[in-house]
Each structure stands twice: as C-alpha cells, then as structure tokens.
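Just below is one structure, and these are the notes that go with it.
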Amino acid sequence: MQHRIIVLGAGYTGVFAAGRLARRLRREDVTITLVNAAPDFVERVRNHQLATGQNLKRRPFSEIFAGTGVELRLAKVTGVDVDRKTVTVVDVNGDGSIPPGSGPAELAYDTLVYALGSVWNAQGVPGTTEHAYEIAGRTGALRLRKRLASLEAGQRVVVVGGGLTGLEAATEIAEARPDLGVALVARGGLGDWLSPKGRAHLRKVFARLGITAHEHTVVTEVAADHVTTAGGTDIPAAVTLWTTGFAVHRIAGATTLEITGSGQIVVDRTMRSVSHPDVYAVGDAAMAMGPGNKPLRMSCATGIPVAWQAADSIVARLTGGKLPNAPIRYVNQCISLGRTEGLIQVVTADDRAMRPALTGRPAALYKELVCKGAAWGVANPMFGLPARRRRVVRRRAGALV
C-alpha cells in the first residue's frame, strides 16, 4: 500500500515541500497530493508590485507539477482531524467558486504537511476590516490596485505598519504614483531594527520619494477618509493600507495539535509536530526555533529552508535515512524600495542587524535576483539534487521514530 502524503497549501513552502518530496521518493511507494484553492502560484513577495499596476507572470500549478507525480487537488480546506488522520475539503473551480452540488469530501493521509500559511491581521482595531486594504493575498492586492487606479492627484494614501511589508508598499506606491501623498505610520522609529547605515538610507529614500513618516505612532481607529492615532490626531487617508503583521490560518486552532497562543503549530527541529508525529508544519503556520532559541520570523527567508527541512525529515523517516541536521539561520534582510532602490541588511544568525548594508541600485538588483530565484525554484520543482529517488522501507507514519 502506498504511503499517502498530503500537503495543505501551495504557497512557497507547500510547493517547495511537495516538489522536494516528489524528487526524493519513488512514485510507486508514495502518493503526494497538494491541496490548494487557487490554480496558480501567488508570488506573495511581489503583491506590492501587483497592487501598483505591474503585471506578474502567471504560473499555473498544472504546468509546474506536470509529470512530477504530484496530484493537485483544487479545493478549500475546511477542517483537519489529526486523530483520525483526515482532511475535509470542498472542491472549487479554477476561479475559486464551488461547483453546483459539490459537498465536503474527506482525504485520508499517513503524513500531513501543513502549509496553510497566514492572512492579514486586522488586530481588532475598529474600522480596519471595513475600511482598510491589505496585500497579504492576491485578492487584496488586486482590490487595492483597482482603488489606487481610481485616485486623483493629491489624494493621500496611508500605510499603517513599519515592517518590511509596509516599507516596500509605501515606497512602491510613492514611486508608481508620485502625484499622490503617501504616508507611513510606524509604532516605533522608522527602520529602528536596521543598522545606522540602513536607517540613514531608508530616510534618504523616503525623503526623495516624498513619503511622510509618522514615527512612534499607534493607529487606534480607521475611518473611510482618515485614521485616528492614540494621541487623538486624525491623519487624512483616501486609502488606508494595513500592514501591521500576519495571523495564521485558523484551521490548526480547531484541532488537537499543540499550538501557541497565536495559533502556530509547535514543532521540533525537524518541523514535526511535538504532539502528532505524523504532522509536519512549515512556513508561517509553524512555531520553529532558530539560533539563540529564538522563534523564526514569518517570512519567505524562513519558509523555504523550513520546507526543505520538513521534506528531508519525512524522507529520512520513511526510507530509514539520516535526519537532516543543517541549522536554519539568517544571513540578510532584503527590502525593495521601489524598482530602482533597495536595502540589503546583513544580519546575525538570529536576525539581528549588523553594521554592513548594501544600498541603492545594487541592492535593488540583489533583491530582484532573490525574488526571481525563489519563483524559478517554484516553477521547477524537480530540478536539482538529489535526483535519485529512495525506496520507502516503512509504510506507516505511526511506526516511524
């Protein structure tokens, strides 16, 4: 009987995990099913570009996984029963709609890779869900794109959140639409986690693009035409873009998996659930510890190596091989600041900024190369070593150590 592997979610981590498993395991020994509600891969790290009117290359999963042995199931995940080892799904059409008469179906697994990722986090701030825009997903980015295109010269866009997403979105919008007034609201100082060189360059770019920075400011309410700060100040906003962080998918919280207070699945160094050994979690869905015993941050830089770690661990346990022991560490933070500017902040293994930083056009080219490399890896899941597929020697996850 074939060992049934189900991968939930086809973002960067789900695609990389599915492709690596297919490349390393014999097709006659396993079935690999990738469940995702959309038929195309979404380059999430480019959603700020999509929102400003740029067109991104379409990457259908039907082409990506053709001939790999990975079966794509276009479906929405509605539940996971980790005790019965089943996943409940509802099949969808290519546009995300549910076919007439379609009902829930159960998929049984022996090994589950949970890669459902994260969504935008409104953080309970009044008015956010009603009036703010988000770019955590393609739908949100396209909605913002349409709204930005309708704005007249002189209208104001307020980006709430001073993290990587906020910085990239604010600079992209300001560069694409210099006729608009763009402001960024940050809870702390502008780029306060960066090195002095990185902070100085960020301020230089903001000044050149005419972006107003409201530092050490907390937004307490969002209205249709303004945001209100904790100090009682109203900041005018024809469009408010909310980028204050991500929240994990709620599916895991409805299971008996051990999770954190934020809903992330607690995993060991092999990305295996500490409570259910036949479940692996990757990407934003996982609470994994990195160097210095610090939690790995939600990012593509974390997700891809974590997906490799999980896939290699599954292969090792199924084939009797050696478990991977490669440490997951950070090298830099890559920030695009429009199409011609960038910032590459060199960091320690546990993600603390060091003095060196690459800036300007070279940094923009470096960031573009990173994005293209990740997308190429998604589009070519069977490329690279090891090419030799291994035979499964233990068929049931319950028998694995």
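Order determines the names: the first chain of the structure tokens is A, the second B, and so forth; residues in each chain are numbered 1 upward, and ligands are numbered 1 upward as they are shown.
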
For region 1-8 of chain A, list every protein, DNA or RNA residue within 8 Å, evaluated using only C-alpha atoms, and leave out those in the same chain fewer than 3 positions away; present the list as an NGL selection string. :A and (14 or 17-18 or 28-36 or 77 or 108-116 or 395-396)

Considering only C-alpha atoms, return as a VMD selection string whatever protein or nucleic-acid residues lie within 10 Å of Gly377 (chain A), sequence-local ones (same chain, fewer than 3 positions apart) excluded. chain A and resid 12 15 to 16 19 304 371 to 374 380 to 384

Please indicate the distance in Å from CA of Arg156 (chain A) to CA of Glu168 (chain A), rounded to one decimal place. 17.1 Å

Extract, using only C-alpha atoms, all DNA, RNA and protein residues at most 12 Å from Ala281 (chain A), discarding same-chain residues fewer than 5 positions from it, and format them as a PyMOL selection string. chain A and resi 6-9+13-14+17+111-117+248+252+257-259+263-276+286-288+303+306-311+313-314

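The residues of region 342-375 of chain A that DSSP classifies as helix (DSSP H, G or I), using the backbone of this structure, are Gly360, Arg361, Pro362, Ala363, Ala364, Leu365, Tyr366, Lys367, Glu368, Leu369, Val370, Cys371, Lys372, Gly373, Ala374 and Ala375 of chain A.
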
Those selected residues, please, written with C-alpha atoms and delivered as a JSON list (two decimals), in the first residue's frame.
[["chain", "number", "residue", "atom", "x", "y", "z"],
["A", 360, "GLY", "CA", 20.85, 51.71, -3.87],
["A", 361, "ARG", "CA", 20.61, 50.14, -7.31],
["A", 362, "PRO", "CA", 22.87, 47.15, -6.47],
["A", 363, "ALA", "CA", 20.56, 46.29, -3.57],
["A", 364, "ALA", "CA", 17.51, 46.53, -5.84],
["A", 365, "LEU", "CA", 19.14, 44.14, -8.30],
["A", 366, "TYR", "CA", 20.08, 41.76, -5.48],
["A", 367, "LYS", "CA", 16.51, 41.71, -4.17],
["A", 368, "GLU", "CA", 15.17, 41.13, -7.68],
["A", 369, "LEU", "CA", 17.56, 38.22, -8.12],
["A", 370, "VAL", "CA", 16.34, 36.69, -4.84],
["A", 371, "CYS", "CA", 12.69, 37.00, -5.89],
["A", 372, "LYS", "CA", 13.36, 35.55, -9.33],
["A", 373, "GLY", "CA", 15.36, 32.70, -7.81],
["A", 374, "ALA", "CA", 12.52, 31.77, -5.48],
["A", 375, "ALA", "CA", 9.99, 31.91, -8.31]]

Tell me, as an MDAnalysis selection string, which residues lie within 12 Å of region 226-238 of chain A, counting only C-alpha atoms; anything in the same chain fewer than 3 positions away does not count. chainID A and resid 125:128 131:133 144 147:148 150:160 180:187 212:223 241:242

Export, as a PDB file, in the first residue's frame, the selected residues with C-alpha atoms.
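Dumped to part-v1.pdb:
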ATOM      1  CA  VAL A 125      -8.611  47.842  15.527  1.00  0.00           C
ATOM      2  CA  PRO A 126     -12.044  49.419  14.941  1.00  0.00           C
ATOM      3  CA  GLY A 127     -12.807  50.149  11.305  1.00  0.00           C
ATOM      4  CA  THR A 128      -9.917  48.149   9.887  1.00  0.00           C
ATOM      5  CA  HIS A 131     -12.192  50.454   5.543  1.00  0.00           C
ATOM      6  CA  ALA A 132      -8.591  49.270   5.256  1.00  0.00           C
ATOM      7  CA  TYR A 133      -6.939  47.451   2.361  1.00  0.00           C
ATOM      8  CA  LEU A 144      -6.035  47.808  -3.775  1.00  0.00           C
ATOM      9  CA  ARG A 147      -8.668  51.570  -5.794  1.00  0.00           C
ATOM     10  CA  LEU A 148      -5.266  53.184  -6.362  1.00  0.00           C
ATOM     11  CA  SER A 150      -9.135  55.478  -9.235  1.00  0.00           C
ATOM     12  CA  LEU A 151      -7.355  58.045  -7.054  1.00  0.00           C
ATOM     13  CA  GLU A 152      -6.887  61.568  -8.332  1.00  0.00           C
ATOM     14  CA  ALA A 153      -3.710  63.589  -7.980  1.00  0.00           C
ATOM     15  CA  GLY A 154      -3.181  64.968  -4.494  1.00  0.00           C
ATOM     16  CA  GLN A 155      -5.157  62.315  -2.650  1.00  0.00           C
ATOM     17  CA  ARG A 156      -3.472  60.645   0.282  1.00  0.00           C
ATOM     18  CA  VAL A 157      -2.506  57.023   0.920  1.00  0.00           C
ATOM     19  CA  VAL A 158      -1.622  55.976   4.468  1.00  0.00           C
ATOM     20  CA  VAL A 159       0.325  52.768   5.044  1.00  0.00           C
ATOM     21  CA  VAL A 160      -0.011  51.514   8.609  1.00  0.00           C
ATOM     22  CA  LEU A 180      -0.245  61.061  -4.554  1.00  0.00           C
ATOM     23  CA  GLY A 181       0.594  61.958  -0.985  1.00  0.00           C
ATOM     24  CA  VAL A 182       1.983  58.843   0.717  1.00  0.00           C
ATOM     25  CA  ALA A 183       2.496  58.500   4.460  1.00  0.00           C
ATOM     26  CA  LEU A 184       3.652  55.632   6.654  1.00  0.00           C
ATOM     27  CA  VAL A 185       2.642  55.164  10.288  1.00  0.00           C
ATOM     28  CA  ALA A 186       5.109  53.186  12.414  1.00  0.00           C
ATOM     29  CA  ARG A 187       4.710  52.104  16.024  1.00  0.00           C
ATOM     30  CA  THR A 212       5.822  61.318   5.302  1.00  0.00           C
ATOM     31  CA  ALA A 213       6.798  59.129   8.262  1.00  0.00           C
ATOM     32  CA  HIS A 214       4.693  59.248  11.434  1.00  0.00           C
ATOM     33  CA  GLU A 215       7.034  57.554  13.891  1.00  0.00           C
ATOM     34  CA  HIS A 216       6.218  56.228  17.370  1.00  0.00           C
ATOM     35  CA  THR A 217       2.561  56.440  16.441  1.00  0.00           C
ATOM     36  CA  VAL A 218      -0.238  53.953  17.087  1.00  0.00           C
ATOM     37  CA  VAL A 219      -3.417  53.871  14.996  1.00  0.00           C
ATOM     38  CA  THR A 220      -6.494  53.251  17.148  1.00  0.00           C
ATOM     39  CA  GLU A 221      -9.253  53.568  14.532  1.00  0.00           C
ATOM     40  CA  VAL A 222      -9.674  53.515  10.761  1.00  0.00           C
ATOM     41  CA  ALA A 223     -12.396  55.509   9.009  1.00  0.00           C
ATOM     42  CA  LEU A 241      -3.259  50.071   3.689  1.00  0.00           C
ATOM     43  CA  TRP A 242      -2.924  47.889   6.801  1.00  0.00           C
TER      44      TRP A 242
END

If you run DSSP on the backbone here, which positions in region 321-362 of chain A get strand (DSSP E or B)? Please write them as a ChimeraX atom specification. /A:332-336,342-347,353-359

Report as a Markdown table: every residue of region 22-96 of chain A with an atom at most 10 Å from region 100-104 of chain A, its closest pair of atoms, and their distance in Å to one decimal, counting only C-alpha atoms, with rows sorted by chain and ascending residue number.
| residue | atom | partner | partner_atom | distance |
| --- | --- | --- | --- | --- |
| A:Ala75 | CA | A:Pro104 | CA | 9.7 |
| A:Lys76 | CA | A:Pro104 | CA | 9.4 |
| A:Val77 | CA | A:Pro104 | CA | 9.3 |
| A:Thr78 | CA | A:Pro104 | CA | 8.3 |
| A:Gly79 | CA | A:Pro104 | CA | 9.8 |
| A:Val87 | CA | A:Pro104 | CA | 9.9 |
| A:Thr88 | CA | A:Pro104 | CA | 6.3 |
| A:Val89 | CA | A:Pro104 | CA | 5.5 |
| A:Val90 | CA | A:Pro104 | CA | 4.7 |
| A:Asp91 | CA | A:Ser102 | CA | 6.8 |
| A:Val92 | CA | A:Ser102 | CA | 8.3 |

C-alpha atoms of the current selection, written as a compact mmCIF listing (two decimals), in the first residue's frame:
# COMPACT_ATOMS: atom_id res chain seq x y z
CA ALA A 75 -10.12 22.61 -3.03
CA LYS A 76 -10.67 24.69 0.06
CA VAL A 77 -9.60 23.09 3.32
CA THR A 78 -12.42 23.27 5.87
CA GLY A 79 -11.08 21.02 8.61
CA VAL A 87 -8.62 16.36 5.94
CA THR A 88 -12.01 17.76 4.98
CA VAL A 89 -12.13 19.75 1.75
CA VAL A 90 -14.65 21.32 -0.60
CA ASP A 91 -13.65 21.22 -4.27
CA VAL A 92 -13.60 24.53 -6.14

Separation of CA of Leu343 (chain A) from CA of Glu43 (chain A) in Å: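 Going from CA of Glu43 (chain A) over to CA of Leu343 (chain A), I get 19.9 Å.
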
Closest to Leu209 (chain A) among A:Glu130, A:Asp81, A:Glu172, A:Asp192, using only C-alpha atoms? A:Glu172
